[in-house]
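Below is one structure, written out as structure tokens, with a few remarks after it.
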Amino acid sequence: MADLPELPATITVDLDTPLKRGDDAIATLTFRRPTTVVLLDMSLIQLGLVDMDVMRDLLTRTSTVGLIGEEVDKIDGADMLQIARDVSDFFQIEEFEDLEIHIDGDIVTIPLVKPIVRGETTLDELRLRRPDSGSFRSLSLARIGQMETRSLAGLLPRISMSPLTEADTYAAEPGKQRGSLHAFLVASICTLARPGAIVDINVAPDRQQWWPGSPLIDLNPHGRTQNKKHRALVPVLPALDRWLRAEYATYIALSQQDRAGRGWLVNYHGRPIQDVDRAWDTMLTNLELPKGREWRSYLLRHSLATLARNRGATKWDLEGFMGHSDGSQTEVYAIGEFPSVVTALEGIVADMERLAPGAMHRSRTEHGLVGQLSKGDENVS
């Protein structure tokens with residue numbers, strides 16, 4: 001990124017006609033550079049046109065002396081013109097015209113004039129995907145077209161994929177012994193399951209969770225009693241199907257006596273693991289991501305569910321897919337296909353593939369055996 005001039009945090013305007021406040025006279029006014037929160041409910045287009053109704057609100061929100069609307073109304077016209085000109089400089093970016101916005105298919109990378117500080121991490125660019133219809137849920141297209149800040153602030157988190165993609169790219173890096181973390185991330189994205197259910201996925205036939213060609217995976221293995229943390233029967237996304245087939249190929253390549261205790265999707269050298277907490281913490285450190293509660297592995301499904309909902313997943317589908325619908329009589333007779341969730345998750349996976357090609361693929365896939373399975377050779381005897 002090119003070197004940028006220092007952005008002023010405030011601007012100060014000397015008034016030709018001091019503003020009366022009781023017995024005092026205010027001769028200078030200082031205004032802070034506004035953040036997105038300050039600009040909520042304002043149109044950036046109207047700000048650019050120096051719409052006085054919008055400018056009035058902006059001045060009351062950014063004044064260091066706590067101006068109220070009635071005081072702004074009493075500012076002399078010539079002084080207001082000067083204030084409007086100076087405050088407008090906050091939004092002038094001619095000096096940054098050499099910044100390059102990179103477009104790669106449906107992904108746009110936008111350098112930030114003022115980097116965002118996230119804990120100990122600094123973001124100097126945003127990578128955004130082309131929004132689909134689900135991204136606009138509860139938002140007004142007209143207000144987005146008018147560049148209303150609240151609507152834009154609602155849209156940007158829905159189309160930003162960077163942290164999730166960075167995590168998956170990190171886990172997929174060849175030669176780094178991160179296979180268990182990689183499998184955990186892929187399965188989490190494809191199933192929205194809790195961490196305990198993810199590390200419990202096993203392709204061994206006696207578990208009765210999945211077999212090659214099955215369109216569904218039962219997150220509740222044979223013999224486990226359902227509890228309040230219901231584990232659902234969910235569709236298998238293509239990205240997860242590749243991983244399951246690869247693990248199954250590894251499993252059937254073993255001798256009968258060596259198959260005992262094997263077949264775990266999330267494993268360490270073939271053996272089961274209880275969690276990925278240590279690998280998760282190492283990832284956060286290496287990627288310089290925050291380590292607060294909102295970044296813990298068990299909240300990954302909450303973030304993914306929000307992304308899916310914002311992409312059009314219906315409430316009923318999402319509840320069933322995530323196991324919030326606990327096996328009612330309806331579910332006994334009707335196995336949910338959850339099409340809106342599947343569509344949303346496939347869109348997320350597709351965007352991640354565009355951002356980081358191959359990051360959703362298992363690097364250790366046994367191509368020959370998987371190829372045989374895809375042709376129907378699924379004998380486990």
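Residue numbering restarts at 1 in every chain; chains get A, B, ... in the order shown in the structure tokens, and ligands count up from 1 in that same order.
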
Task: Test item: residues at most 10 Å from Ser340 in chain A, only C-alpha atoms, excluding those fewer than 3 positions along its chain, as a list in words - done: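 These residues fall inside the cut-off: Ala308, Arg309, Arg311, Gly312, Ala313, Thr314, Lys315, Trp316, Asp317, Leu318, Glu337, Thr343, Ala344, Leu345 and Glu346 of chain A.
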
Can you write out the residues you just picked, keeping C-alpha atoms, as a PDB file, in the first residue's frame?
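New file selection_15.pdb:
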```pdb
ATOM      1  CA  ALA A 308     -26.301 -18.400   6.702  1.00  0.00           C
ATOM      2  CA  ARG A 309     -29.300 -16.463   8.026  1.00  0.00           C
ATOM      3  CA  ARG A 311     -27.818 -15.273   3.076  1.00  0.00           C
ATOM      4  CA  GLY A 312     -31.454 -16.280   3.164  1.00  0.00           C
ATOM      5  CA  ALA A 313     -31.593 -19.394   5.373  1.00  0.00           C
ATOM      6  CA  THR A 314     -35.069 -19.631   6.871  1.00  0.00           C
ATOM      7  CA  LYS A 315     -35.659 -19.826  10.603  1.00  0.00           C
ATOM      8  CA  TRP A 316     -37.290 -23.275  10.418  1.00  0.00           C
ATOM      9  CA  ASP A 317     -34.494 -24.727   8.272  1.00  0.00           C
ATOM     10  CA  LEU A 318     -31.777 -23.255  10.459  1.00  0.00           C
ATOM     11  CA  GLU A 337     -33.578 -31.326   3.652  1.00  0.00           C
ATOM     12  CA  THR A 343     -27.854 -23.049  -0.412  1.00  0.00           C
ATOM     13  CA  ALA A 344     -26.439 -20.515   2.049  1.00  0.00           C
ATOM     14  CA  LEU A 345     -23.590 -22.788   3.177  1.00  0.00           C
ATOM     15  CA  GLU A 346     -22.708 -23.771  -0.384  1.00  0.00           C
TER      16      GLU A 346
END
```

Kindly assemble as a tab-separated table a list of the range 86-193 of chain A residues that lie within 9 Å of range 198-213 of chain A, each paired with its nearest atom pair and their distance in Å to one decimal, using only C-alpha atoms, sorted first by chain and then by ascending residue number.
```
residue	atom	partner	partner_atom	distance
A:Ala183	CA	A:Ile198	CA	8.9
A:Phe184	CA	A:Ile198	CA	6.5
A:Ala187	CA	A:Ile198	CA	6.5
A:Ser188	CA	A:Ile198	CA	6.7
A:Thr191	CA	A:Ile198	CA	8.4
A:Ala193	CA	A:Ile198	CA	6.3
```

Could you write those residues out with N, CA and C atoms, as a CSV table (one decimal), in the first residue's frame?
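Result file is again10.csv:
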```csv
chain,number,residue,atom,x,y,z
A,183,ALA,N,-9.7,-30.3,9.3
A,183,ALA,CA,-10.9,-31.1,9.3
A,183,ALA,C,-12.0,-30.5,10.1
A,184,PHE,N,-11.6,-30.0,11.3
A,184,PHE,CA,-12.6,-29.4,12.2
A,184,PHE,C,-13.2,-28.2,11.6
A,187,ALA,N,-15.6,-29.3,8.6
A,187,ALA,CA,-16.8,-30.0,9.1
A,187,ALA,C,-17.7,-29.0,9.8
A,188,SER,N,-17.1,-28.0,10.5
A,188,SER,CA,-17.9,-27.0,11.2
A,188,SER,C,-18.7,-26.1,10.2
A,191,THR,N,-21.6,-28.3,8.6
A,191,THR,CA,-22.6,-28.9,9.4
A,191,THR,C,-23.2,-28.0,10.4
A,193,ALA,N,-22.4,-27.8,13.3
A,193,ALA,CA,-22.5,-28.6,14.5
A,193,ALA,C,-21.6,-28.0,15.6
```

Task: Expected answer as number ranges by chain: helix (DSSP H, G or I) residues in range 102-308 of chain A - done: A: 133-136, 141-145, 149-159, 162-172, 179-191, 195-198, 205-207, 238-252, 256-259, 277-286, 293-295, 297-308

Can you list every residue in range 41-217 of chain A that DSSP puts in strand (DSSP E), as a CSV table (one decimal) with N, CA and C atoms, in the first residue's frame?
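part-v1.csv was written with the following content:
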```csv
chain,number,residue,atom,x,y,z
A,102,HIS,N,-8.7,-3.8,-6.0
A,102,HIS,CA,-8.4,-5.0,-6.8
A,102,HIS,C,-9.7,-5.8,-6.9
A,103,ILE,N,-10.1,-6.1,-8.1
A,103,ILE,CA,-11.3,-6.9,-8.4
A,103,ILE,C,-10.9,-8.2,-9.0
A,104,ASP,N,-11.2,-9.3,-8.4
A,104,ASP,CA,-10.9,-10.7,-8.9
A,104,ASP,C,-12.2,-11.5,-8.9
A,107,ILE,N,-14.9,-11.0,-6.1
A,107,ILE,CA,-14.2,-10.6,-4.9
A,107,ILE,C,-13.6,-9.2,-5.1
A,108,VAL,N,-13.8,-8.3,-4.3
A,108,VAL,CA,-13.1,-7.0,-4.4
A,108,VAL,C,-12.3,-6.7,-3.1
A,109,THR,N,-11.1,-6.3,-3.3
A,109,THR,CA,-10.2,-5.9,-2.2
A,109,THR,C,-10.1,-4.4,-2.2
A,110,ILE,N,-10.4,-3.8,-1.0
A,110,ILE,CA,-10.4,-2.4,-0.9
A,110,ILE,C,-9.4,-2.0,0.2
A,111,PRO,N,-8.4,-1.2,-0.2
A,111,PRO,CA,-7.4,-0.7,0.9
A,111,PRO,C,-8.1,0.3,1.7
A,112,LEU,N,-7.8,0.4,3.0
A,112,LEU,CA,-8.4,1.3,3.9
A,112,LEU,C,-7.5,2.5,4.1
A,113,VAL,N,-8.1,3.7,3.9
A,113,VAL,CA,-7.4,4.9,4.2
A,113,VAL,C,-6.9,5.0,5.6
A,114,LYS,N,-7.8,4.6,6.5
A,114,LYS,CA,-7.5,4.5,8.0
A,114,LYS,C,-7.6,3.1,8.4
A,115,PRO,N,-6.6,2.4,8.7
A,115,PRO,CA,-6.7,1.0,9.1
A,115,PRO,C,-7.6,0.8,10.3
A,116,ILE,N,-8.1,-0.4,10.4
A,116,ILE,CA,-9.0,-0.8,11.6
A,116,ILE,C,-8.1,-1.6,12.6
A,117,VAL,N,-8.2,-1.2,13.8
A,117,VAL,CA,-7.4,-1.9,14.9
A,117,VAL,C,-8.4,-2.9,15.5
A,118,ARG,N,-8.0,-4.1,15.5
A,118,ARG,CA,-8.8,-5.2,16.1
A,118,ARG,C,-8.0,-5.9,17.1
A,121,THR,N,-4.4,-6.6,16.3
A,121,THR,CA,-4.3,-6.8,14.9
A,121,THR,C,-4.8,-5.5,14.2
A,122,THR,N,-4.1,-5.2,13.1
A,122,THR,CA,-4.5,-4.0,12.3
A,122,THR,C,-4.9,-4.5,10.9
A,123,LEU,N,-6.1,-4.1,10.5
A,123,LEU,CA,-6.6,-4.5,9.2
A,123,LEU,C,-6.4,-3.3,8.3
A,124,ASP,N,-5.6,-3.4,7.2
A,124,ASP,CA,-5.4,-2.3,6.3
A,124,ASP,C,-6.2,-2.5,4.9
A,125,GLU,N,-7.0,-3.5,4.9
A,125,GLU,CA,-7.8,-3.7,3.7
A,125,GLU,C,-9.0,-4.6,4.0
A,126,LEU,N,-10.0,-4.5,3.2
A,126,LEU,CA,-11.2,-5.3,3.3
A,126,LEU,C,-11.4,-6.1,2.0
A,127,ARG,N,-11.7,-7.4,2.2
A,127,ARG,CA,-12.1,-8.2,1.0
A,127,ARG,C,-13.5,-8.6,1.1
A,128,LEU,N,-14.3,-8.2,0.1
A,128,LEU,CA,-15.7,-8.3,0.1
A,128,LEU,C,-16.2,-9.1,-1.1
A,129,ARG,N,-17.2,-9.9,-0.9
A,129,ARG,CA,-17.7,-10.7,-2.0
A,129,ARG,C,-18.9,-9.9,-2.6
A,216,LEU,N,-26.9,-37.8,3.4
A,216,LEU,CA,-27.0,-37.3,4.8
A,216,LEU,C,-26.0,-37.9,5.7
A,217,ILE,N,-25.7,-37.1,6.8
A,217,ILE,CA,-24.8,-37.6,7.8
A,217,ILE,C,-25.5,-37.4,9.2
```

TODO: Determine the nearest neighbour of Ala350 in chain A from the options A:Asp16, A:Asp57, A:Asp106, A:Glu100, counting only C-alpha atoms.
DONE: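 Closest to Ala350 in chain A, using only C-alpha atoms: A:Asp106.
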
- [ ] For Val186 in chain A, please output as a PyMOL selection string all residues within 12 Å (counting only C-alpha atoms; exclusion window: fewer than 3 positions along the same chain).
- [x] chain A and resi 164-165+167-169+171-172+179-183+189-193+195+198-199+236-244+265-266+300-301+304+345-346+348-349+352-353+358-362

Task: Nearest residue to Ala9 in chain A from the set A:Asp89, A:Glu148, A:Glu70, A:Asp281 (distances using only C-alpha atoms) - done: A:Asp89

Open item on the list: List as a list in words the protein and nucleic acid residues near Arg56 in chain A, meaning an atom at most 8 Å away when only C-alpha atoms are counted, but skip any in the same chain fewer than 3 places from it.
Closed with: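 Those residues are Met52, Asp53, Leu59, Thr60, Gly69, Val72 and Asp73 of chain A.
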
Could those selected residues go to a file with N, CA, C and O atoms, as a PDB file, in the first residue's frame?
```pdb
ATOM      1  N   MET A  52     -27.941  20.377   4.431  1.00  0.00           N
ATOM      2  CA  MET A  52     -27.837  21.047   5.721  1.00  0.00           C
ATOM      3  C   MET A  52     -28.551  20.296   6.845  1.00  0.00           C
ATOM      4  O   MET A  52     -28.150  20.392   8.006  1.00  0.00           O
ATOM      5  N   ASP A  53     -29.600  19.551   6.538  1.00  0.00           N
ATOM      6  CA  ASP A  53     -30.242  18.760   7.584  1.00  0.00           C
ATOM      7  C   ASP A  53     -29.284  17.682   8.095  1.00  0.00           C
ATOM      8  O   ASP A  53     -29.179  17.436   9.300  1.00  0.00           O
ATOM      9  N   LEU A  59     -22.803  17.864  12.913  1.00  0.00           N
ATOM     10  CA  LEU A  59     -22.113  18.823  13.780  1.00  0.00           C
ATOM     11  C   LEU A  59     -22.451  18.595  15.249  1.00  0.00           C
ATOM     12  O   LEU A  59     -21.583  18.719  16.119  1.00  0.00           O
ATOM     13  N   THR A  60     -23.692  18.245  15.541  1.00  0.00           N
ATOM     14  CA  THR A  60     -24.051  17.998  16.944  1.00  0.00           C
ATOM     15  C   THR A  60     -23.375  16.733  17.469  1.00  0.00           C
ATOM     16  O   THR A  60     -23.072  16.639  18.660  1.00  0.00           O
ATOM     17  N   GLY A  69     -28.869  21.033  18.417  1.00  0.00           N
ATOM     18  CA  GLY A  69     -29.413  21.468  17.139  1.00  0.00           C
ATOM     19  C   GLY A  69     -29.783  22.938  17.102  1.00  0.00           C
ATOM     20  O   GLY A  69     -29.531  23.629  16.109  1.00  0.00           O
ATOM     21  N   VAL A  72     -26.742  25.042  16.543  1.00  0.00           N
ATOM     22  CA  VAL A  72     -26.283  24.984  15.155  1.00  0.00           C
ATOM     23  C   VAL A  72     -27.123  25.915  14.289  1.00  0.00           C
ATOM     24  O   VAL A  72     -26.603  26.607  13.400  1.00  0.00           O
ATOM     25  N   ASP A  73     -28.428  25.962  14.569  1.00  0.00           N
ATOM     26  CA  ASP A  73     -29.321  26.819  13.785  1.00  0.00           C
ATOM     27  C   ASP A  73     -28.958  28.302  13.912  1.00  0.00           C
ATOM     28  O   ASP A  73     -29.280  29.102  13.022  1.00  0.00           O
TER      29      ASP A  73
END
```

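If you count only C-alpha atoms and ignore residues fewer than 4 places along the chain from Tyr251 in chain A, what sits within 7 Å of it is Glu247, Arg259, Arg262 and Gly263 of chain A.
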
- [ ] Figure out the distance between CA of Thr225 in chain A and CA of Arg271 in chain A, please, to one decimal in Å.
- [x]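 Between these atoms lies a distance of 23.2 Å.
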
TODO: Have a look at CA of His269 in chain A and CA of Pro221 in chain A and let me know their distance in Å, one decimal.
DONE: 21.6 Å

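You will find CA of Leu139 in chain A at 11.4 Å from CA of Arg158 in chain A.
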
Open item on the list: Give me the residues near Ser138 in chain A as a list in words, where near means some atom within 10 Å (using only C-alpha atoms) and where sequence neighbours in that chain fewer than 3 positions away do not count.
Closed with: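 The residues satisfying every condition are Gly134, Ser135, Leu141, Ser151, Gly154, Leu155 and Asn310 of chain A.
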
Dump as a tab-separated table (two decimals), in the first residue's frame, selection limited to N, CA and C atoms:
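Below is the file that was written, selection.tsv:
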```tsv
chain	number	residue	atom	x	y	z
A	134	GLY	N	-29.76	-12.80	-0.39
A	134	GLY	CA	-29.83	-13.03	1.05
A	134	GLY	C	-29.05	-12.02	1.85
A	135	SER	N	-28.03	-11.42	1.23
A	135	SER	CA	-27.22	-10.43	1.94
A	135	SER	C	-28.01	-9.17	2.27
A	141	LEU	N	-32.78	-1.58	-0.35
A	141	LEU	CA	-31.92	-1.36	-1.50
A	141	LEU	C	-31.84	0.13	-1.84
A	151	SER	N	-27.41	1.26	6.65
A	151	SER	CA	-27.62	0.14	5.74
A	151	SER	C	-26.29	-0.44	5.27
A	154	GLY	N	-24.80	-2.49	7.94
A	154	GLY	CA	-25.45	-3.79	8.04
A	154	GLY	C	-25.02	-4.75	6.95
A	155	LEU	N	-24.68	-4.20	5.78
A	155	LEU	CA	-24.31	-5.04	4.65
A	155	LEU	C	-22.87	-5.55	4.73
A	310	ASN	N	-28.18	-14.51	7.13
A	310	ASN	CA	-28.09	-13.30	6.32
A	310	ASN	C	-28.10	-13.61	4.83
```
